[in-house]
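Peer 1: Structure: start_30.tsv, TSV, C-alpha atoms.
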```tsv
chain	number	residue	atom	x	y	z
A	14	MET	CA	77.39	122.79	108.02
A	15	GLN	CA	78.01	119.77	110.27
A	16	LYS	CA	76.60	120.01	113.78
A	17	LYS	CA	79.07	119.47	116.57
A	18	CYS	CA	78.07	117.99	119.91
A	19	PHE	CA	79.26	119.48	123.20
A	20	PHE	CA	78.92	118.64	126.89
A	21	ILE	CA	79.07	120.57	130.15
A	22	ALA	CA	77.79	119.97	133.68
A	23	ASP	CA	77.40	121.94	136.86
A	24	THR	CA	77.27	125.46	135.42
A	25	HIS	CA	75.31	126.51	138.52
A	26	PHE	CA	74.37	129.87	137.01
A	27	GLY	CA	73.66	132.34	139.81
A	28	ASP	CA	74.99	130.12	142.61
A	29	SER	CA	77.50	132.15	144.61
A	30	ASN	CA	77.95	129.27	147.08
A	31	ILE	CA	79.50	127.02	144.43
A	32	ILE	CA	82.34	129.53	144.07
A	33	VAL	CA	83.29	128.85	147.70
A	34	TYR	CA	82.46	125.13	147.76
A	35	GLU	CA	84.49	124.35	144.66
A	36	ASN	CA	87.07	127.12	144.91
A	37	ARG	CA	86.01	128.54	141.55
A	38	PRO	CA	88.23	131.42	140.41
A	39	PHE	CA	85.50	134.07	140.43
A	40	SER	CA	84.80	136.93	142.83
A	41	ASN	CA	81.01	136.63	142.49
A	42	ALA	CA	78.20	134.87	140.62
A	43	GLU	CA	77.96	137.60	137.98
A	44	GLU	CA	81.62	137.18	137.02
A	45	MET	CA	81.15	133.39	136.93
A	46	ASN	CA	78.02	133.71	134.78
A	47	ASN	CA	79.72	136.09	132.35
A	48	THR	CA	82.72	133.78	131.99
A	49	LEU	CA	80.55	130.70	131.45
A	50	ILE	CA	78.43	132.50	128.84
A	51	LYS	CA	81.45	133.94	127.02
A	52	ASN	CA	83.29	130.59	126.97
A	53	TRP	CA	80.14	128.82	125.78
A	54	ASN	CA	79.41	131.26	122.96
A	55	ASP	CA	83.07	131.45	121.89
A	56	THR	CA	83.04	127.65	121.49
A	57	VAL	CA	79.54	126.64	120.44
A	58	THR	CA	77.77	127.89	117.29
A	59	GLU	CA	74.04	128.27	116.76
A	60	ASN	CA	74.13	125.07	114.68
A	61	ASP	CA	75.67	122.91	117.41
A	62	ILE	CA	74.11	120.73	120.10
A	63	VAL	CA	74.95	121.01	123.80
A	64	PHE	CA	74.06	118.48	126.47
A	65	VAL	CA	73.99	119.98	129.95
A	66	VAL	CA	74.38	116.99	132.24
A	67	GLY	CA	72.82	118.59	135.26
A	68	ASP	CA	72.73	121.57	137.60
A	69	PHE	CA	72.16	124.36	135.10
A	70	SER	CA	70.85	127.37	137.04
A	71	PHE	CA	69.91	128.56	140.50
A	72	TYR	CA	67.97	131.54	139.19
A	73	ASP	CA	64.22	131.97	138.89
A	74	LYS	CA	62.49	131.07	135.63
A	75	GLU	CA	62.82	134.52	134.05
A	76	LYS	CA	66.59	134.77	134.58
A	77	THR	CA	67.17	131.09	133.72
A	78	THR	CA	65.27	131.62	130.46
A	79	GLU	CA	67.30	134.73	129.68
A	80	ILE	CA	70.57	132.85	130.18
A	81	CYS	CA	69.42	129.81	128.23
A	82	ASN	CA	68.30	131.96	125.31
A	83	ASN	CA	71.64	133.81	125.30
A	84	LEU	CA	73.63	130.57	124.91
A	85	ASN	CA	74.45	129.29	121.42
A	86	GLY	CA	73.28	125.94	120.16
A	87	GLU	CA	70.37	123.61	120.68
A	88	LYS	CA	70.37	122.70	124.34
A	89	PHE	CA	69.36	119.45	126.03
A	90	LEU	CA	69.22	118.93	129.79
A	91	VAL	CA	69.81	115.73	131.70
A	92	MET	CA	68.48	116.93	135.02
A	93	GLY	CA	70.73	117.04	138.05
A	94	ASN	CA	69.99	117.07	141.75
A	95	HIS	CA	69.66	120.88	141.71
A	96	ASP	CA	67.37	120.97	138.65
A	97	THR	CA	64.27	120.65	140.81
A	98	GLU	CA	61.48	121.95	138.58
A	99	ASN	CA	59.37	119.77	136.29
A	100	GLU	CA	60.34	119.06	132.69
A	101	GLN	CA	57.87	121.62	131.25
A	102	TYR	CA	59.60	124.38	133.23
A	103	TYR	CA	62.93	123.66	131.48
A	104	TYR	CA	61.28	123.44	128.05
A	105	GLU	CA	59.82	126.88	128.71
A	106	CYS	CA	63.30	128.11	129.70
A	107	GLY	CA	64.61	127.17	126.25
A	108	PHE	CA	65.80	123.56	126.33
A	109	SER	CA	64.84	121.36	123.36
A	110	GLY	CA	64.95	118.13	125.32
A	111	ILE	CA	64.77	117.23	129.00
A	112	SER	CA	65.31	113.96	130.86
A	113	ARG	CA	65.09	113.25	134.57
A	114	TYR	CA	67.02	110.03	133.96
A	115	PRO	CA	70.26	109.07	132.21
A	116	ILE	CA	69.97	108.77	128.45
A	117	ILE	CA	71.94	106.81	125.89
A	118	TYR	CA	73.41	108.90	123.08
A	119	GLU	CA	74.64	107.33	119.83
A	120	ASN	CA	74.07	103.83	121.29
A	121	PHE	CA	77.25	104.15	123.37
A	122	TRP	CA	77.33	107.20	125.64
A	123	ILE	CA	75.39	107.11	128.89
A	124	LEU	CA	74.71	110.74	129.73
A	125	SER	CA	73.98	111.19	133.42
A	126	HIS	CA	74.33	113.80	136.08
A	127	GLU	CA	75.83	111.46	138.66
A	128	PRO	CA	78.47	108.95	137.54
A	129	VAL	CA	77.19	105.45	136.82
A	130	TYR	CA	79.12	102.22	137.19
A	131	ILE	CA	80.80	101.20	133.96
A	132	ASN	CA	83.52	98.59	133.53
A	133	ARG	CA	85.80	97.74	130.61
A	134	THR	CA	83.63	94.91	129.36
A	135	MET	CA	80.45	96.96	129.08
A	136	PRO	CA	79.55	98.36	125.66
A	137	TYR	CA	79.05	101.88	127.04
A	138	ALA	CA	80.93	104.88	128.33
A	139	ASN	CA	79.61	107.50	130.76
A	140	ILE	CA	79.68	111.29	130.44
A	141	PHE	CA	78.70	112.77	133.78
A	142	GLY	CA	78.98	115.72	136.14
A	143	HIS	CA	77.97	116.16	139.79
A	144	VAL	CA	81.37	115.41	141.33
A	145	HIS	CA	82.91	118.81	140.50
A	146	GLY	CA	86.56	118.71	141.62
A	147	ASN	CA	86.28	115.67	143.92
A	148	PRO	CA	89.63	113.86	143.55
A	149	ILE	CA	88.03	110.45	144.07
A	150	TYR	CA	86.84	110.71	140.46
A	151	THR	CA	89.24	111.05	137.54
A	152	ASP	CA	88.70	113.52	134.72
A	153	VAL	CA	88.77	110.73	132.18
A	154	SER	CA	89.12	106.95	132.13
A	155	GLU	CA	88.80	104.36	129.39
A	156	ARG	CA	85.02	104.30	130.01
A	157	SER	CA	84.10	107.65	131.55
A	158	PHE	CA	84.46	111.40	131.27
A	159	CYS	CA	83.64	114.07	133.84
A	160	ALA	CA	82.14	117.20	132.25
A	161	SER	CA	81.88	119.23	135.47
A	162	ALA	CA	82.62	122.84	134.57
A	163	GLU	CA	85.66	122.98	136.86
A	164	ARG	CA	87.33	120.14	134.96
A	165	ILE	CA	86.81	121.56	131.47
A	166	ASN	CA	87.86	125.16	132.06
A	167	TYR	CA	84.25	126.37	132.36
A	168	THR	CA	83.81	125.71	128.63
A	169	PRO	CA	81.64	123.11	126.84
A	170	ILE	CA	83.78	120.31	125.48
A	171	GLU	CA	83.23	118.71	122.09
A	172	LEU	CA	82.48	115.00	121.83
A	173	SER	CA	85.44	114.49	119.47
A	174	GLU	CA	87.76	115.82	122.20
A	175	ILE	CA	86.18	113.51	124.79
A	176	LYS	CA	86.75	110.59	122.40
A	177	LYS	CA	90.41	111.58	121.97
A	178	ARG	CA	90.98	111.74	125.71
A	179	ILE	CA	89.30	108.38	126.29
A	180	LYS	CA	91.28	106.80	123.44
A	181	LYS	CA	94.49	108.10	125.01
A	182	LYS	CA	93.56	106.35	128.28
A	183	GLU	CA	92.67	103.14	126.41
A	184	ASP	CA	96.03	103.21	124.64
A	185	LEU	CA	97.79	103.21	128.01
A	186	LEU	CA	96.24	99.88	128.98
```
Using the file provided, produce a representation of the structure as structure tokens.
Peer 2:
Amino acid sequence: MQKKCFFIADTHFGDSNIIVYENRPFSNAEEMNNTLIKNWNDTVTENDIVFVVGDFSFYDKEKTTEICNNLNGEKFLVMGNHDTENEQYYYECGFSGISRYPIIYENFWILSHEPVYINRTMPYANIFGHVHGNPIYTDVSERSFCASAERINYTPIELSEIKKRIKKKEDLL
């Protein structure tokens, strides 16, 4: 079976403040967590890969580990500004790979928590989070894609879908 690759950012498991800050449609953190977990596991199989591009959980290690282990797929974390523990901590929580810095995936995709500057002549595109619903940043451009949970219906999004959305933007140029 072919592995699929998914992306999501800013899950903020356990963070009730993010519901208020970003006007998330949940009454409390438990409802948000349950929705995120359900959407994730309804979309991602055990054979798939998921890149979390920052701000995974606000819980302690025990609860973060429980959540991570209940999510389908092999999980990689590009650390965000709220992922404040050391790399070993996140390995112990269940991630297969951790990076404090942006990484390049498939020689083209710069995976980062915060958006990085990319222009049309660069041989890269950026998949990022951090900006949540901030209207200054678009959901998708010909060289970038925002994977903040609010922008992707609180559900990991497959790389093939990101490629389609970017291609659609490129075709408009």
Peer 1: Which residues of segment 17-50 of chain A have any atom within 12 Å of an atom in segment 164-174 of chain A when counting all atoms listed in the file, and what is the closest pair of atoms for each, with the distance in Å to one decimal? Order the rows by chain and rising number and write it as CSV.
Peer 2:
```
residue,atom,partner,partner_atom,distance
A:Lys17,CA,A:Glu171,CA,7.0
A:Cys18,CA,A:Glu171,CA,5.6
A:Phe19,CA,A:Glu171,CA,4.2
A:Phe20,CA,A:Pro169,CA,5.2
A:Ile21,CA,A:Pro169,CA,4.9
A:Ala22,CA,A:Pro169,CA,8.5
A:Asp23,CA,A:Tyr167,CA,9.3
A:Thr24,CA,A:Tyr167,CA,7.7
A:His25,CA,A:Tyr167,CA,10.9
A:Phe26,CA,A:Tyr167,CA,11.5
A:Glu35,CA,A:Arg164,CA,10.9
A:Arg37,CA,A:Tyr167,CA,9.6
A:Pro38,CA,A:Tyr167,CA,10.3
A:Phe39,CA,A:Tyr167,CA,11.2
A:Met45,CA,A:Tyr167,CA,8.9
A:Asn46,CA,A:Tyr167,CA,9.9
A:Asn47,CA,A:Tyr167,CA,10.7
A:Thr48,CA,A:Tyr167,CA,7.6
A:Leu49,CA,A:Tyr167,CA,5.8
A:Ile50,CA,A:Thr168,CA,8.7
```
Peer 1: Please save C-alpha atoms of the selected residues as an mmCIF file, in the coordinates of the input.
Peer 2:
```cif
data_model
loop_
_atom_site.group_PDB
_atom_site.id
_atom_site.type_symbol
_atom_site.label_atom_id
_atom_site.label_comp_id
_atom_site.auth_asym_id
_atom_site.auth_seq_id
_atom_site.Cartn_x
_atom_site.Cartn_y
_atom_site.Cartn_z
ATOM 1 C CA LYS A 17 79.070 119.470 116.570
ATOM 2 C CA CYS A 18 78.070 117.990 119.910
ATOM 3 C CA PHE A 19 79.260 119.480 123.200
ATOM 4 C CA PHE A 20 78.920 118.640 126.890
ATOM 5 C CA ILE A 21 79.070 120.570 130.150
ATOM 6 C CA ALA A 22 77.790 119.970 133.680
ATOM 7 C CA ASP A 23 77.400 121.940 136.860
ATOM 8 C CA THR A 24 77.270 125.460 135.420
ATOM 9 C CA HIS A 25 75.310 126.510 138.520
ATOM 10 C CA PHE A 26 74.370 129.870 137.010
ATOM 11 C CA GLU A 35 84.490 124.350 144.660
ATOM 12 C CA ARG A 37 86.010 128.540 141.550
ATOM 13 C CA PRO A 38 88.230 131.420 140.410
ATOM 14 C CA PHE A 39 85.500 134.070 140.430
ATOM 15 C CA MET A 45 81.150 133.390 136.930
ATOM 16 C CA ASN A 46 78.020 133.710 134.780
ATOM 17 C CA ASN A 47 79.720 136.090 132.350
ATOM 18 C CA THR A 48 82.720 133.780 131.990
ATOM 19 C CA LEU A 49 80.550 130.700 131.450
ATOM 20 C CA ILE A 50 78.430 132.500 128.840
#
```
Peer 1: So, with only C-alpha atoms as the atoms that count, which of A:Glu87, A:Glu163, A:Glu79, A:Glu43 lies closest to Asp61 of chain A?
Peer 2: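 Once distances to Asp61 of chain A are computed over only C-alpha atoms, the minimum belongs to A:Glu87.
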Peer 1: Pick from A:Asp96, A:Lys51, A:Val91, A:Thr56: nearest to Ile140 of chain A, with all atoms listed in the file counted?
Peer 2: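 Of A:Asp96, A:Lys51, A:Val91, A:Thr56, the one nearest Ile140 of chain A is A:Val91, counting all atoms listed in the file.
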Peer 1: When you draw a straight line from atom CA of Pro128 of chain A to atom CA of Phe158 of chain A, how long is it in Å?
Peer 2: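 Rounded to one decimal, the two atoms are 9.0 Å apart.
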Peer 1: Find the spatial neighbours of Cys106 of chain A, counting all atoms listed in the file, within a cut-off of 9 Å - ignore same-chain residues fewer than 5 positions away - and output them as number ranges by chain.
Peer 2: A: 74-82, 101
Peer 1: Set the distance at 9 Å and use only C-alpha atoms: which residues neighbour Arg156 of chain A once local chain neighbours fewer than 2 positions away are removed? I'd like the list as a ChimeraX atom specification.
Peer 2: /A:131-133,135,137-140,153-154,158,179,182-183
Peer 1: Using all atoms of segment 62-73 of chain A that appear in the file, construct an axis-aligned enclosing box with 8 Å of padding on every side and provide its centre coordinates and edge lengths in Å, rounded to one decimal, as AutoDock Vina command-line options.
Peer 2:
```
--center_x 69.6 --center_y 124.5 --center_z 130.3 --size_x 26.7 --size_y 31.0 --size_z 36.4
```
Peer 1: Show me, as a VMD selection string, the residues that have an atom within 7 Å of Phe89 of chain A when counting all atoms listed in the file, minus same-chain residues fewer than 6 positions from it.
Peer 2: chain A and resid 63 to 65 108 to 111
Peer 1: So what do you get for atom CA of Asp184 of chain A versus atom CA of Glu155 of chain A, distance-wise?
Peer 2: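 Value for the atom CA of Asp184 of chain A-atom CA of Glu155 of chain A distance: 8.7 Å.
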Peer 1: Pick out the closest residue to His145 of chain A from this set: A:Glu98, A:Glu119, A:Asp68, A:Glu105. Count only C-alpha atoms.
Peer 2: A:Asp68
Peer 1: State, in Å with one decimal place, the distance from atom CA of Leu185 of chain A to atom CA of Thr134 of chain A.
Peer 2: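 Here the two named atoms are 16.5 Å from each other.
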Peer 1: Looking at A:His95, A:Arg113, A:Lys16, A:His143, which one is nearest to Asn60 of chain A, with distances taken over all atoms listed in the file?
Peer 2: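 That would be A:Lys16, the residue with the smallest distance to Asn60 of chain A.
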Peer 1: For Asn83 of chain A, which residue out of A:Leu124, A:Ala42, A:Val57, A:Ile32 is the nearest one, using only C-alpha atoms?
Peer 2: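 Smallest separation from Asn83 of chain A among the options: A:Val57.
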